[in-house]
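Enquirer: My structure is stored as query12.txt, with compact mmCIF, C-alpha atoms and all ligand atoms.
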# COMPACT_ATOMS: atom_id res chain seq x y z
CA MET X 204 49.35 137.22 -173.12
CA PRO X 205 51.27 134.83 -170.82
CA GLU X 206 55.04 134.84 -171.34
CA TRP X 207 55.09 131.23 -172.57
CA ALA X 208 52.41 132.06 -175.18
CA ALA X 209 54.54 134.99 -176.37
CA ALA X 210 57.43 132.50 -176.64
CA TRP X 211 55.15 130.22 -178.72
CA ARG X 212 54.68 133.14 -181.12
CA ALA X 213 58.35 134.12 -181.16
CA ALA X 214 59.26 130.51 -182.04
CA ARG X 215 57.58 130.74 -185.48
CA PRO X 216 57.77 132.91 -188.59
CA VAL X 217 55.91 136.22 -188.52
CA ALA X 218 52.42 135.71 -189.93
CA ALA X 219 51.53 137.64 -193.07
CA GLY X 220 48.38 139.11 -191.58
CA VAL X 221 46.25 137.56 -188.85
CA HIS X 222 46.09 133.78 -188.51
CA LEU X 223 42.83 132.62 -186.91
CA ASP X 224 42.70 129.18 -188.51
CA SER X 225 44.44 126.73 -186.16
CA ALA X 226 41.56 124.25 -186.39
CA ALA X 227 42.40 123.89 -190.09
CA CYS X 228 46.19 124.19 -189.90
CA SER X 229 48.31 125.82 -187.20
CA ARG X 230 51.56 127.67 -187.81
CA GLN X 231 54.68 125.48 -187.47
CA SER X 232 57.66 126.59 -185.43
CA PHE X 233 61.10 127.28 -186.91
CA ALA X 234 62.41 124.19 -185.10
CA VAL X 235 59.73 121.93 -186.61
CA ILE X 236 60.25 123.35 -190.12
CA GLU X 237 64.03 123.00 -189.75
CA ALA X 238 63.88 119.45 -188.39
CA ALA X 239 61.87 118.32 -191.42
CA ALA X 240 64.22 120.17 -193.77
CA ALA X 241 67.29 118.75 -192.02
CA HIS X 242 65.92 115.25 -192.47
CA ALA X 243 65.39 115.83 -196.20
CA ARG X 244 68.97 117.10 -196.43
CA HIS X 245 70.21 114.03 -194.58
CA GLU X 246 68.33 111.81 -197.05
CA ALA X 247 70.30 113.44 -199.87
CA GLU X 248 73.58 112.94 -197.99
CA VAL X 249 73.33 109.34 -196.81
CA GLY X 250 70.33 107.91 -198.69
CA GLY X 251 66.65 107.91 -197.75
CA TYR X 252 66.67 104.48 -196.10
CA VAL X 253 69.82 105.11 -194.06
CA ALA X 254 68.43 108.49 -192.96
CA ALA X 255 65.17 106.80 -191.89
CA GLN X 256 67.15 104.45 -189.64
CA ALA X 257 68.98 107.38 -188.10
CA ALA X 258 65.65 109.11 -187.42
CA ALA X 259 64.15 106.05 -185.67
CA PRO X 260 64.76 107.33 -182.10
CA VAL X 261 63.06 110.66 -182.90
CA LEU X 262 60.03 108.86 -184.31
CA GLU X 263 59.96 106.54 -181.29
CA ALA X 264 59.91 109.59 -179.00
CA GLY X 265 57.08 111.04 -181.11
CA ARG X 266 55.03 107.84 -180.77
CA ALA X 267 55.70 107.74 -177.02
CA ALA X 268 54.49 111.34 -176.61
CA ALA X 269 51.39 110.80 -178.77
CA GLY X 270 50.61 107.64 -176.77
CA ALA X 271 51.14 109.25 -173.36
CA LEU X 272 48.87 112.13 -174.36
CA THR X 273 46.01 109.75 -175.23
CA GLY X 274 46.46 107.04 -172.61
CA PHE X 275 48.41 104.55 -174.75
CA GLY X 276 51.97 103.19 -174.91
CA ALA X 277 54.47 104.01 -177.68
CA ALA X 278 53.98 100.51 -179.14
CA ASP X 279 50.23 101.17 -179.58
CA VAL X 280 50.82 104.18 -181.85
CA VAL X 281 51.22 104.18 -185.61
CA PHE X 282 51.86 107.17 -187.82
CA THR X 283 49.24 107.81 -190.49
CA THR X 284 48.79 110.45 -193.15
CA GLY X 285 46.01 112.12 -191.12
CA SER X 286 42.83 111.53 -189.14
CA SER X 287 40.78 110.13 -192.02
CA HIS X 288 43.52 107.59 -192.73
CA GLY X 289 43.44 106.45 -189.08
CA LEU X 290 39.67 105.94 -189.16
CA ASP X 291 39.87 104.13 -192.49
CA LEU X 292 42.48 101.68 -191.15
CA LEU X 293 40.38 100.94 -188.06
CA LEU X 294 37.10 100.48 -189.87
CA GLY X 295 38.69 98.31 -192.56
CA ASP X 296 39.91 95.87 -189.88
CA TRP X 297 36.88 96.13 -187.58
CA PRO X 298 36.41 92.65 -186.06
CA GLY X 299 32.96 93.21 -184.51
CA GLU X 300 29.47 93.99 -185.64
CA ARG X 301 29.27 96.86 -188.17
CA THR X 302 26.87 99.11 -186.30
CA VAL X 303 27.94 102.40 -184.75
CA ALA X 304 26.38 104.99 -182.47
CA CYS X 305 27.49 108.63 -182.85
CA ILE X 306 26.22 112.09 -182.02
CA PRO X 307 24.25 114.07 -184.63
CA GLY X 308 27.20 116.49 -184.88
CA GLU X 309 29.50 113.75 -186.20
CA TYR X 310 32.01 114.94 -188.82
CA GLY X 311 30.51 114.49 -192.31
CA PRO X 312 33.51 112.75 -193.93
CA ASN X 313 33.54 110.27 -191.00
CA LEU X 314 29.91 109.41 -191.77
CA PHE X 315 30.94 108.71 -195.39
CA ALA X 316 33.78 106.47 -194.19
CA LEU X 317 31.43 104.58 -191.88
CA ALA X 318 28.93 104.06 -194.71
CA ARG X 319 31.70 102.97 -197.09
CA HIS X 320 32.78 100.31 -194.60
CA GLY X 321 29.21 99.07 -194.24
CA PHE X 322 28.41 100.51 -190.80
CA GLY X 323 24.81 101.31 -189.93
CA VAL X 324 24.62 104.51 -187.86
CA THR X 325 22.32 105.20 -184.90
CA PRO X 326 22.23 108.60 -183.17
CA LEU X 327 23.33 109.20 -179.57
CA PRO X 328 21.08 111.54 -177.55
CA VAL X 329 22.13 115.20 -177.29
CA ASP X 330 20.71 118.41 -175.84
CA GLY X 331 19.60 121.42 -177.88
CA SER X 332 23.17 122.61 -178.40
CA GLY X 333 24.36 119.26 -179.75
CA ARG X 334 26.08 118.24 -176.53
CA LEU X 335 25.91 114.54 -175.68
CA ASP X 336 23.64 113.60 -172.77
CA PRO X 337 25.72 110.89 -171.02
CA ASP X 338 22.85 109.54 -168.87
CA GLU X 339 20.47 109.23 -171.81
CA ALA X 340 23.31 107.74 -173.84
CA ALA X 341 23.96 105.11 -171.15
CA ARG X 342 20.26 104.18 -171.23
CA ALA X 343 20.31 103.95 -175.04
CA LEU X 344 23.42 101.71 -174.95
CA ALA X 345 21.83 99.45 -172.34
CA GLN X 346 18.81 98.92 -174.58
CA ASP X 347 20.54 98.53 -177.90
CA ARG X 348 24.26 97.71 -177.90
CA PRO X 349 26.00 98.89 -181.09
CA GLY X 350 29.19 97.23 -182.34
CA LEU X 351 31.03 100.46 -181.59
CA VAL X 352 30.62 104.00 -180.34
CA HIS X 353 32.42 106.68 -182.35
CA LEU X 354 32.84 110.06 -180.69
CA THR X 355 34.35 113.34 -181.85
CA PRO X 356 35.01 115.22 -178.57
CA LEU X 357 35.42 118.51 -180.39
CA GLY X 358 33.99 118.93 -183.88
CA SER X 359 35.21 120.77 -186.93
CA HIS X 360 31.95 122.71 -187.21
CA ARG X 361 31.42 123.92 -183.62
CA GLY X 362 33.45 124.59 -180.46
CA THR X 363 31.27 122.41 -178.21
CA VAL X 364 33.31 120.10 -175.97
CA GLN X 365 31.70 116.67 -175.58
CA PRO X 366 31.76 114.72 -172.28
CA VAL X 367 33.98 111.89 -173.51
CA ALA X 368 34.98 110.36 -170.18
CA ALA X 369 31.34 109.98 -169.06
CA LEU X 370 30.43 108.27 -172.34
CA ALA X 371 33.51 106.05 -172.24
CA ALA X 372 32.59 104.92 -168.72
CA ALA X 373 29.09 103.94 -169.90
CA CYS X 374 30.61 102.11 -172.86
CA ARG X 375 32.92 100.15 -170.56
CA GLU X 376 29.95 99.17 -168.43
CA TYR X 377 28.12 97.77 -171.46
CA GLU X 378 31.33 96.49 -173.10
CA VAL X 379 30.99 98.63 -176.21
CA PRO X 380 34.32 99.68 -177.76
CA VAL X 381 34.87 103.45 -178.15
CA VAL X 382 36.76 105.09 -180.99
CA VAL X 383 37.65 108.78 -180.61
CA ASP X 384 38.28 111.27 -183.42
CA ALA X 385 40.67 113.67 -181.70
CA ALA X 386 41.48 115.73 -184.82
CA GLN X 387 40.34 118.89 -182.98
CA ALA X 388 40.62 117.67 -179.37
CA PHE X 389 44.27 116.55 -179.42
CA ALA X 390 46.80 119.15 -178.21
CA HIS X 391 43.80 121.30 -177.32
CA LEU X 392 41.83 119.49 -174.58
CA ASP X 393 43.13 116.94 -172.10
CA CYS X 394 42.89 113.61 -173.96
CA THR X 395 44.74 111.43 -171.43
CA ASP X 396 41.65 110.12 -169.60
CA PHE X 397 39.37 109.20 -172.50
CA GLY X 398 39.70 105.51 -171.74
CA ALA X 399 39.06 104.83 -175.44
CA ASP X 400 39.92 101.74 -177.45
CA ALA X 401 41.35 103.87 -180.23
CA VAL X 402 42.17 107.57 -180.68
CA TYR X 403 43.32 109.23 -183.89
CA THR X 404 44.41 112.72 -184.85
CA SER X 405 46.23 114.92 -187.38
CA SER X 406 49.58 116.71 -187.00
CA ARG X 407 48.71 120.01 -188.65
CA LYS X 408 45.86 121.14 -186.39
CA TRP X 409 46.43 122.14 -182.74
CA THR X 410 49.77 120.27 -182.50
CA ALA X 411 51.16 122.67 -185.12
CA GLY X 412 53.14 119.98 -186.94
CA PRO X 413 53.55 119.51 -190.71
CA ARG X 414 50.70 118.62 -193.03
CA GLY X 415 50.13 115.11 -194.40
CA VAL X 416 50.87 113.20 -191.21
CA GLY X 417 48.88 112.04 -188.19
CA MET X 418 48.67 109.24 -185.69
CA LEU X 419 46.42 106.40 -184.58
CA ALA X 420 46.70 104.98 -181.05
CA VAL X 421 44.93 101.67 -180.76
CA ARG X 422 44.41 98.87 -178.26
CA PRO X 423 46.37 95.73 -179.31
CA GLY X 424 44.33 93.43 -181.52
CA LEU X 425 42.13 96.04 -183.22
CA LEU X 426 44.46 96.35 -186.21
CA SER X 427 45.26 93.17 -188.11
CA GLU X 428 48.83 91.87 -188.57
CA GLN X 429 48.33 92.43 -192.28
CA THR X 430 47.44 96.11 -191.80
CA LEU X 431 50.38 96.65 -189.44
CA ALA X 432 52.75 95.00 -191.91
CA GLY X 433 51.27 97.13 -194.70
CA LEU X 434 51.90 100.29 -192.68
CA ALA X 435 55.46 99.22 -191.88
CA ASN X 436 56.22 98.77 -195.59
CA ALA X 437 54.24 101.71 -196.95
CA GLU X 438 55.99 104.69 -198.47
CA VAL X 439 55.82 107.58 -196.00
CA ASN X 440 57.12 111.11 -195.66
CA VAL X 441 59.71 110.50 -192.92
CA ALA X 442 60.60 114.20 -192.80
CA ALA X 443 56.97 115.01 -191.96
CA GLN X 444 56.95 112.34 -189.23
CA VAL X 445 60.15 113.86 -187.81
CA GLY X 446 58.54 117.32 -187.81
CA PHE X 447 55.39 115.97 -186.15
CA SER X 448 57.49 114.25 -183.47
CA LEU X 449 59.27 117.52 -182.75
CA ALA X 450 55.96 119.42 -182.60
CA LEU X 451 54.68 116.86 -180.09
CA GLY X 452 57.75 117.55 -177.97
CA GLU X 453 57.14 121.30 -178.17
CA TYR X 454 53.54 120.83 -177.11
CA VAL X 455 54.59 118.68 -174.14
CA ALA X 456 57.16 121.33 -173.21
CA ALA X 457 54.53 124.11 -173.42
CA GLY X 458 52.47 122.06 -170.95
CA PRO X 459 49.21 120.35 -171.98
CA GLN X 460 47.30 121.73 -168.96
CA ARG X 461 48.59 125.23 -169.59
CA VAL X 462 47.71 125.03 -173.29
CA ALA X 463 44.19 123.71 -172.58
CA SER X 464 43.51 126.44 -170.05
CA ARG X 465 44.89 129.18 -172.29
CA LEU X 466 42.88 127.90 -175.29
CA ALA X 467 39.72 128.04 -173.14
CA ASP X 468 40.62 131.68 -172.32
CA VAL X 469 41.27 132.37 -176.01
CA GLY X 470 37.80 131.01 -176.86
CA ALA X 471 36.20 133.27 -174.25
CA MET X 472 38.19 136.31 -175.50
CA THR X 473 37.12 135.59 -179.09
CA ARG X 474 33.44 135.14 -178.25
CA THR X 475 33.44 138.27 -176.08
CA VAL X 476 34.93 140.42 -178.84
CA LEU X 477 32.47 139.04 -181.42
CA ALA X 478 29.37 139.01 -179.18
CA ASN X 479 28.01 142.37 -180.27
CA LEU X 480 28.73 142.20 -183.96
CA ALA X 481 25.55 143.35 -185.71
CA GLY X 482 23.69 140.51 -187.39
CA TRP X 483 26.18 137.75 -186.53
CA LEU X 484 25.40 135.13 -183.92
CA VAL X 485 28.11 133.43 -181.82
CA VAL X 486 27.07 129.78 -181.51
CA GLU X 487 29.04 128.71 -178.39
CA PRO X 488 28.51 129.90 -174.82
CA VAL X 489 31.25 132.42 -173.92
CA ASP X 490 32.96 130.07 -171.46
CA GLU X 491 32.89 126.89 -173.59
CA PRO X 492 36.39 125.49 -172.88
CA SER X 493 37.69 125.41 -176.47
CA ALA X 494 39.35 127.91 -178.82
CA ILE X 495 36.91 127.16 -181.65
CA THR X 496 34.29 129.86 -182.16
CA THR X 497 31.66 129.70 -184.87
CA LEU X 498 29.48 132.51 -186.12
CA LEU X 499 26.20 132.32 -188.00
CA PRO X 500 25.96 135.12 -190.58
CA PRO X 501 23.12 137.60 -191.01
CA ASP X 502 20.52 136.62 -193.62
CA GLY X 503 21.84 136.96 -197.14
CA VAL X 504 25.51 136.92 -196.09
CA ASP X 505 27.55 133.94 -197.34
CA PRO X 506 30.39 132.95 -194.98
CA GLU X 507 32.38 131.49 -197.89
CA HIS X 508 32.38 134.92 -199.52
CA VAL X 509 33.20 136.61 -196.19
CA ARG X 510 36.16 134.26 -195.61
CA ALA X 511 37.55 135.08 -199.07
CA ARG X 512 37.17 138.83 -198.54
CA LEU X 513 38.81 138.69 -195.10
CA ILE X 514 41.85 137.07 -196.72
CA THR X 515 42.14 139.24 -199.80
CA GLU X 516 41.21 142.59 -198.22
CA ARG X 517 42.58 142.22 -194.68
CA GLY X 518 44.96 139.25 -194.60
CA ILE X 519 42.81 137.60 -191.93
CA VAL X 520 42.56 133.80 -192.24
CA THR X 521 39.41 132.06 -190.94
CA THR X 522 37.40 129.04 -192.15
CA HIS X 523 34.15 128.71 -194.03
CA ALA X 524 32.41 125.76 -192.35
CA GLY X 525 29.82 124.43 -194.78
CA VAL X 526 27.01 122.12 -193.65
CA ALA X 527 28.85 119.09 -195.08
CA ARG X 528 31.08 119.21 -191.98
CA ALA X 529 28.20 118.01 -189.81
CA PRO X 530 25.33 117.23 -192.18
CA ARG X 531 23.11 115.75 -189.46
CA GLU X 532 23.35 118.82 -187.26
CA MET X 533 24.16 121.97 -189.25
CA THR X 534 21.38 123.72 -191.07
CA ARG X 535 23.38 126.77 -192.19
CA PRO X 536 27.04 127.38 -193.04
CA ALA X 537 29.16 129.20 -190.46
CA LEU X 538 32.36 131.18 -190.22
CA ARG X 539 34.91 129.50 -187.91
CA VAL X 540 37.50 131.46 -185.94
CA SER X 541 40.24 129.39 -184.28
CA PRO X 542 43.19 131.33 -182.84
CA HIS X 543 46.06 129.57 -181.09
CA VAL X 544 47.55 130.40 -177.67
CA ASP X 545 49.40 133.47 -178.99
CA VAL X 546 46.46 135.53 -180.26
CA THR X 547 46.30 139.17 -179.14
CA ASP X 548 43.35 141.41 -178.27
CA ASP X 549 44.44 143.66 -181.15
CA GLU X 550 44.14 140.80 -183.64
CA LEU X 551 40.66 139.88 -182.44
CA GLY X 552 39.73 143.57 -182.64
CA LEU X 553 40.94 143.66 -186.26
CA LEU X 554 38.69 140.69 -187.04
CA ALA X 555 35.64 142.30 -185.42
CA GLU X 556 36.23 145.55 -187.30
CA ALA X 557 36.84 143.76 -190.61
CA LEU X 558 33.73 141.59 -190.21
CA ALA X 559 31.59 144.67 -189.53
CA THR X 560 32.93 146.33 -192.70
CA VAL X 561 32.65 143.28 -194.90
CA THR X 562 29.08 142.61 -193.74
CA THR X 563 27.80 146.12 -194.41
CA SER X 564 29.44 146.38 -197.83
CA VAL X 565 28.31 143.12 -199.47
C1 LIG X 601 40.24 117.74 -189.83
C2 LIG X 601 39.32 116.74 -189.25
C3 LIG X 601 39.33 115.41 -189.68
C4 LIG X 601 40.14 114.93 -190.88
O1 LIG X 601 41.51 115.04 -190.69
P1 LIG X 601 42.51 114.78 -191.91
O2 LIG X 601 43.86 114.86 -191.30
O3 LIG X 601 42.24 115.85 -192.92
O4 LIG X 601 42.19 113.43 -192.45
C5 LIG X 601 38.53 114.49 -189.03
N1 LIG X 601 37.75 114.87 -188.01
C6 LIG X 601 37.69 116.15 -187.57
C7 LIG X 601 36.81 116.48 -186.42
C8 LIG X 601 38.48 117.12 -188.18
O5 LIG X 601 38.43 118.38 -187.75
Turn the structure described in the file into structure tokens.
Expert:
Amino acid sequence: MPEWAAAWRAARPVAAGVHLDSAACSRQSFAVIEAAAAHARHEAEVGGYVAAQAAAPVLEAGRAAAGALTGFGAADVVFTTGSSHGLDLLLGDWPGERTVACIPGEYGPNLFALARHGFGVTPLPVDGSGRLDPDEAARALAQDRPGLVHLTPLGSHRGTVQPVAALAAACREYEVPVVVDAAQAFAHLDCTDFGADAVYTSSRKWTAGPRGVGMLAVRPGLLSEQTLAGLANAEVNVAAQVGFSLALGEYVAAGPQRVASRLADVGAMTRTVLANLAGWLVVEPVDEPSAITTLLPPDGVDPEHVRARLITERGIVTTHAGVARAPREMTRPALRVSPHVDVTDDELGLLAEALATVTTSV
């Protein structure tokens, strides 16, 4: 493991077991946990509203970092309670036509949100692995311009990295706004060159910040004055925003390029270790540049049951990814493995061994 990745591990509490679930919720550092706790303490000392004023420069730095990492300015960024909140705000205010093009692997809850806001969905063309075909997509956009393109560069259900920049370029050519769900892509892949009109994400995933907070970066004019005023007056967990801001700083300090390249290596290590597991099928190509690996179980094996047994019998945390995560693409549930930069070969070996045992003794 690179020295800086070992430092990433040393900066957080010792895991009780093996944590392979960063795509759901990464492990926070001591500094992030302590910053949030210190803010709560300060609220008790000086009052919640006075403490919020004192924290303003930290939050401003957090917004600046989140903006810089997605190609926006600090003033374009608002804190949210998570990715779904960001999408909901955007769709609620959408000024254009309510039609959207997205890939078949679009995140299920996003499809619900789009339907709730009255958007009609058309599919973007993909290859057999669910990867967007940018040339075919450009042709489709030229023929039938939707009110918006929504793209999730890295899904919750599969480690496939989508070609965002190529799609965004086609969208610019045909003047179709692009909204990017970076819940899995942010602090994982390089998100600076998306050229999107809006990007949203969550704190708890690859950024390793607290739960219940996120951010939305948006081109001026896409959110109404009323929505912005509502956000400014809404009750929020300032301590969580402080923790998120600190986690953003830690990610910038670790080096976005270095993290992206290490997470690609982690994905390859994971898929290599799991490649020969009897009955299980690794979905992604070994060198797919993400740290999300999904496995299809042997017939008769339920990944939800496997996930539970891995936790209770081995202390290994993974995700059960049911078909609701991508209802237009998934046909079977999967087991998702998502280690962070500090995973070891030993830990991946423990997973492989535990999966073999659990599968043969169901
Ligand atoms: C987790 C996730 C979301 C939802 O994020 P919340 O913070 O829970 O609202 C949206 N899209 C993708 C791809 C996700 O992985």
Enquirer: Could you make a table, as CSV, of the residues of chain X that have an atom within 9 Å of an atom of ligand LIG 601 (chain X), each with its nearest atom pair and distance in Å to one decimal, counting all atoms listed in the file, in chain and number order?
Expert:
residue,atom,partner,partner_atom,distance
X:Ala226,CA,X:LIG601,O5,6.8
X:Ala227,CA,X:LIG601,C1,6.5
X:Cys228,CA,X:LIG601,C1,8.8
X:Thr283,CA,X:LIG601,O2,8.9
X:Thr284,CA,X:LIG601,O2,6.9
X:Gly285,CA,X:LIG601,O2,3.5
X:Ser286,CA,X:LIG601,O4,3.9
X:Ser287,CA,X:LIG601,O4,3.6
X:His288,CA,X:LIG601,O4,6.0
X:Gly289,CA,X:LIG601,O4,7.9
X:Leu290,CA,X:LIG601,O4,8.6
X:Glu309,CA,X:LIG601,C7,7.8
X:Tyr310,CA,X:LIG601,C7,5.6
X:Gly311,CA,X:LIG601,N1,8.4
X:Pro312,CA,X:LIG601,C5,7.2
X:Asn313,CA,X:LIG601,C5,6.8
X:Thr355,CA,X:LIG601,C7,6.1
X:Pro356,CA,X:LIG601,C7,8.2
X:Leu357,CA,X:LIG601,C7,6.5
X:Gly358,CA,X:LIG601,C7,4.5
X:Ser359,CA,X:LIG601,O5,4.1
X:His360,CA,X:LIG601,O5,7.8
X:Asp384,CA,X:LIG601,N1,5.9
X:Ala385,CA,X:LIG601,C7,6.7
X:Ala386,CA,X:LIG601,C6,4.7
X:Gln387,CA,X:LIG601,O5,5.2
X:Ala388,CA,X:LIG601,C7,8.1
X:Tyr403,CA,X:LIG601,C5,8.8
X:Thr404,CA,X:LIG601,O2,6.8
X:Ser405,CA,X:LIG601,O2,4.6
X:Ser406,CA,X:LIG601,O2,7.4
X:Arg407,CA,X:LIG601,O2,7.6
X:Lys408,CA,X:LIG601,C1,7.4
X:Arg414,CA,X:LIG601,O2,8.0
X:Gly415,CA,X:LIG601,O2,7.0
X:Val416,CA,X:LIG601,O2,7.2
X:Gly417,CA,X:LIG601,O2,6.5
X:Arg528,CA,X:LIG601,C7,8.4
Enquirer: Write out as a short mmCIF file (atom, residue, chain, number, x, y, z; two decimals) with C-alpha atoms, in the coordinates of the input each polymer residue whose atoms come within 7 Å of segment 500-511 of chain X, counting all atoms listed in the file; drop sequence neighbours fewer than 5 positions from it.
Expert:
data_model
loop_
_atom_site.label_atom_id
_atom_site.label_comp_id
_atom_site.auth_asym_id
_atom_site.auth_seq_id
_atom_site.Cartn_x
_atom_site.Cartn_y
_atom_site.Cartn_z
CA GLY X 482 23.69 140.51 -187.39
CA TRP X 483 26.18 137.75 -186.53
CA LEU X 484 25.40 135.13 -183.92
CA THR X 521 39.41 132.06 -190.94
CA THR X 522 37.40 129.04 -192.15
CA HIS X 523 34.15 128.71 -194.03
CA PRO X 536 27.04 127.38 -193.04
CA ALA X 537 29.16 129.20 -190.46
CA LEU X 538 32.36 131.18 -190.22
CA VAL X 561 32.65 143.28 -194.90
#
Enquirer: Calculated over all atoms listed in the file, which of the candidates X:Met533, X:Val546, X:Ala254, X:Val526 has the smallest distance to Asp468 of chain X?
Expert: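 For Asp468 of chain X, the nearest of the given residues is X:Val546.
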Enquirer: Extract, using all atoms listed in the file, all DNA, RNA and protein residues at most 9 Å from Leu344 of chain X, discarding same-chain residues fewer than 2 positions from it, and format them as a PDB file with C-alpha atoms, keeping the file's coordinate frame.
Expert:
ATOM      1  CA  ALA X 304      26.380 104.990-182.470  1.00  0.00           C
ATOM      2  CA  LEU X 327      23.330 109.200-179.570  1.00  0.00           C
ATOM      3  CA  GLU X 339      20.470 109.230-171.810  1.00  0.00           C
ATOM      4  CA  ALA X 340      23.310 107.740-173.840  1.00  0.00           C
ATOM      5  CA  ALA X 341      23.960 105.110-171.150  1.00  0.00           C
ATOM      6  CA  ARG X 342      20.260 104.180-171.230  1.00  0.00           C
ATOM      7  CA  GLN X 346      18.810  98.920-174.580  1.00  0.00           C
ATOM      8  CA  ASP X 347      20.540  98.530-177.900  1.00  0.00           C
ATOM      9  CA  ARG X 348      24.260  97.710-177.900  1.00  0.00           C
ATOM     10  CA  PRO X 349      26.000  98.890-181.090  1.00  0.00           C
ATOM     11  CA  ALA X 373      29.090 103.940-169.900  1.00  0.00           C
ATOM     12  CA  CYS X 374      30.610 102.110-172.860  1.00  0.00           C
ATOM     13  CA  TYR X 377      28.120  97.770-171.460  1.00  0.00           C
ATOM     14  CA  VAL X 379      30.990  98.630-176.210  1.00  0.00           C
TER      15      VAL X 379
END
Enquirer: So, counting all atoms listed in the file, which residue among X:Glu206, X:Glu263, X:Glu300, X:Asp396 is closest to Phe282 of chain X?
Expert: X:Glu263
Enquirer: In Å, with one decimal, what is the gap from atom CA of Ala371 of chain X to atom CA of Ser225 of chain X?
Expert: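 Straight-line distance from atom CA of Ala371 of chain X to atom CA of Ser225 of chain X works out to 27.2 Å.
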Enquirer: What lies within 10 Å of segment 330-333 of chain X using all atoms listed in the file, ignoring chain neighbours under 4 positions off, as a PDB file with C-alpha atoms, in the coordinates of the input?
Expert:
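Result saved to part21.pdb:
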ATOM      1  CA  ILE X 306      26.220 112.090-182.020  1.00  0.00           C
ATOM      2  CA  PRO X 307      24.250 114.070-184.630  1.00  0.00           C
ATOM      3  CA  GLY X 308      27.200 116.490-184.880  1.00  0.00           C
ATOM      4  CA  GLU X 309      29.500 113.750-186.200  1.00  0.00           C
ATOM      5  CA  ARG X 361      31.420 123.920-183.620  1.00  0.00           C
ATOM      6  CA  THR X 363      31.270 122.410-178.210  1.00  0.00           C
ATOM      7  CA  VAL X 364      33.310 120.100-175.970  1.00  0.00           C
ATOM      8  CA  GLN X 365      31.700 116.670-175.580  1.00  0.00           C
ATOM      9  CA  VAL X 486      27.070 129.780-181.510  1.00  0.00           C
ATOM     10  CA  GLU X 487      29.040 128.710-178.390  1.00  0.00           C
ATOM     11  CA  PRO X 488      28.510 129.900-174.820  1.00  0.00           C
ATOM     12  CA  GLU X 532      23.350 118.820-187.260  1.00  0.00           C
ATOM     13  CA  MET X 533      24.160 121.970-189.250  1.00  0.00           C
TER      14      MET X 533
END
Enquirer: Would you mind telling me which residue in X:Ala450, X:Val280, X:Val485, X:Leu477 lies nearest to Ser229 of chain X when using all atoms listed in the file?
Expert: X:Ala450
Enquirer: Using only C-alpha atoms, which of the listed residues (X:Gly525, X:Gly220, X:Pro459, X:Pro366) sits closest to Arg334 of chain X?
Expert: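 Result for the nearest residue to Arg334 of chain X: X:Pro366.
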Enquirer: What separation in Å, quoted to one decimal, exists between atom CA of Asn479 of chain X and atom CA of Ala208 of chain X?
Expert: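 If I compute the distance from atom CA of Asn479 of chain X to atom CA of Ala208 of chain X, I get 27.0 Å.
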Enquirer: Hey, which of X:Leu449, X:Ala481, X:Ala524, X:Ala494 ends up closest to Thr562 of chain X? Count all atoms listed in the file.
Expert: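 Among the listed residues, the smallest separation from Thr562 of chain X belongs to X:Ala481.
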Enquirer: I'd like the interatomic distance between atom CA of Thr560 of chain X and atom CA of Leu498 of chain X, to a tenth of an Å.
Expert: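 Computing the Euclidean distance for atom CA of Thr560 of chain X and atom CA of Leu498 of chain X yields 15.7 Å.
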Enquirer: For Ala218 of chain X, list every protein, DNA or RNA residue within 12 Å, evaluated using all atoms listed in the file, and leave out those in the same chain fewer than 6 positions away; present the list as a tab-separated table (two decimals) with C-alpha atoms, in the frame of the given file.
Expert:
chain	number	residue	atom	x	y	z
X	212	ARG	CA	54.68	133.14	-181.12
X	224	ASP	CA	42.70	129.18	-188.51
X	229	SER	CA	48.31	125.82	-187.20
X	230	ARG	CA	51.56	127.67	-187.81
X	231	GLN	CA	54.68	125.48	-187.47
X	232	SER	CA	57.66	126.59	-185.43
X	518	GLY	CA	44.96	139.25	-194.60
X	519	ILE	CA	42.81	137.60	-191.93
X	520	VAL	CA	42.56	133.80	-192.24
X	545	ASP	CA	49.40	133.47	-178.99
X	546	VAL	CA	46.46	135.53	-180.26
X	550	GLU	CA	44.14	140.80	-183.64
